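> Mind looking over this structure? Questions follow.
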Amino acid sequence: MGAGLPHPASAARPLAAPGRWRAGESARERVVSLSDALAEGGWPRGNFARNLFPKRTKELKSVVHSAPGWKLFGKVPPRENLQKTSKIIQQEYEARTGRTCKPPPQSSRRKNFEFEPLSTTALILEDRPSNLPAKSVEEALRHRQEYDEMVAEAKKREIKEAYKRKKIMKERFKQEENIASAMVIWINEILPNWEVMRSTRRVRELWWQGLPPSVRGKVWSLAVGNELNITPELYEIFLSRAKERWKSFSETSSENDTEGVSVADREASLELIKLDISRTFPSLYIFQKGGPYHDVLHSILGAYTCYRPDVGYVQGMSFIAAVLILNLEEADAFIAFANLLNKPCQLAFFRVDHSMMLKYFATFEVFFEENLSKLFLHFKSYSLTPDIYLIDWIFTLYSKSLPLDLACRVWDVFCRDGEEFLFRTGLGILRLYEDILLQMDFIHIAQFLTKLPEDITSEKLFNCIAAIQMQNSTKKWTQVFASVMKDIKEGDKNNSPALKS
């Protein structure tokens with residue numbers, strides 16, 4: 001017989017288990033005793049067992065290794081540290097083969113260094129790879145010196161940034177203390193005697209410093225007023241009309257043109273509202289769909305389009321309404337919104353009254369030339385007119401162009417001084433960035449003024465605004481604006497076809 005084949009006589013005999021089956025023994029007990037026998041090595045060894053049950057033994061091995069601590073129909077204590085480390089494997093290999101593995105030669109990198117590189121900056125101190133020429137002593141010393149200089153610069157920057165943070169925190173604490181003390185004055189002294197105290201020097205100075213957030217909405221409402229005599233009940237009426245129209249437009253039903261505005265124009269306004277709301281203060285995530293103020297903003301803008309169909313919705317209104325919503329209740333925000341947009345300057349811009357807008361731009365240029373003559377000439381050389389940057393500022397009352405907290409402070413003084421302060425703020429921005437703008441061409445100036453730097457601070461801006469003199473040859477803003485209107489009217493008369501004929 002060839003090697004590895006069983007004897008015919010043994011092959012003819014039935015297989016004997018490692019013990020006799022007892023009478024009445026169940027199948028489960030037999031399997032358990034069989035598994036115990038396997039575990040104890042009681043099964044016949046040799047080629048016969050290997051050839052007859054090769055798969056079974058492999059499966060058992062895999063079960064033992066893959067699920068340690070368990071055996072068939074029973075639990076055994078779990079094994080510890082089944083996963084061997086590379087060091088243990090190496091030791092077992094050396095013990096089995098009698099060979100010893102020499103450890104790889106240690107690199108001389110970072111030899112005698114007292115530190116580990118904390119960033120790529122420290123890599124300059126590392127030795128070169130073995131396949132490259134080694135550093136000379138002079139080069140190593142030079143690299144050490146360069147590294148020390150870099151570390152010193154980093155420490156200087158860190159100290160400078162820490163000092164800057166400390167200064168900012170100190171200014172913030174001081175500002176909070178000033179706001180707290182000012183709030184007491186506004187609540188206890190000014191607001192109860194509003195009509196008497198609003199024009200006093202003390203209140204105006206306190207107003208310039210910025211209104212405390214807790215009284216800001218109340219002061220804005222009082223300053224803007226309610227010349228239109230809008231009530232919360234009237235707001236609810238126009239809001240219900242807006243909701244009815246939204247419903248009818250969604251059902252694509254036609255309406256009669258009873259108010260002089262076409263259905264298509266109203267539909268365009270409503271679609272523009274939806275689009276504009278999603279772009280209103282996107283970083284706050286409170287006016288977008290699903291946000292807490294989305295429906296409120298949508299309601300105020302929709303109600304206004306029904307209240308003033310002659311104006312409708314104009315892009316930029318959403319920012320003004322959003323700022324009011326953040327400081328007032330819904331009905332009060334609508335009342336302030338409608339009255340604010342009824343002011344002459346806002347009405348001219350939102351109605352897109354080109355003749356009136358040109359008069360405002362001409363008046364602005366008078367004070368521009370008076371205060372910033374060098375920058376004025378620079379703008380003139382590129383034919384850069386105020387409408388390129390002023391329209392966006394005026395439409396949104398700077399709420400889109402400036403950080404929100406700074407824009408609110410601009411609103412504070414705007415409610416005190418009126419439209420004049422909007423143009424004064426524009427001149428303050430130009431003064432703040434005058435040196436930068438003088439180095440730019442037309443395209444870069446337009447881009448810069450369209451998107452102002454985000455790190456602009458209220459202190460720097462208001463210092464520049466305070467330096468702007470809104471007086472031209474003893475004439476104030478209102479007087480200059482009146483003379484510009486008069487000159488334009490006379491120019492229109494002189495250029496009229498009747499006079500020419």
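Ordering of the structure tokens sets the chain letters (A, B, ...), residue numbers begin anew at 1 in every chain, and ligands are numbered from 1 in the order given.
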Select from region 256-443 of chain A everything DSSP, run on the backbone, classes as helix (DSSP H, G or I), then give the selection as a VMD selection string.

chain A and resid 263 to 277 294 to 307 317 to 327 330 to 340 344 to 350 354 to 371 373 to 381 387 to 396 404 to 417 419 to 432 434 to 437 442 to 443

> One number please: CA of Ile179 (chain A) to CA of Glu454 (chain A), in Å, one decimal.

23.6 Å
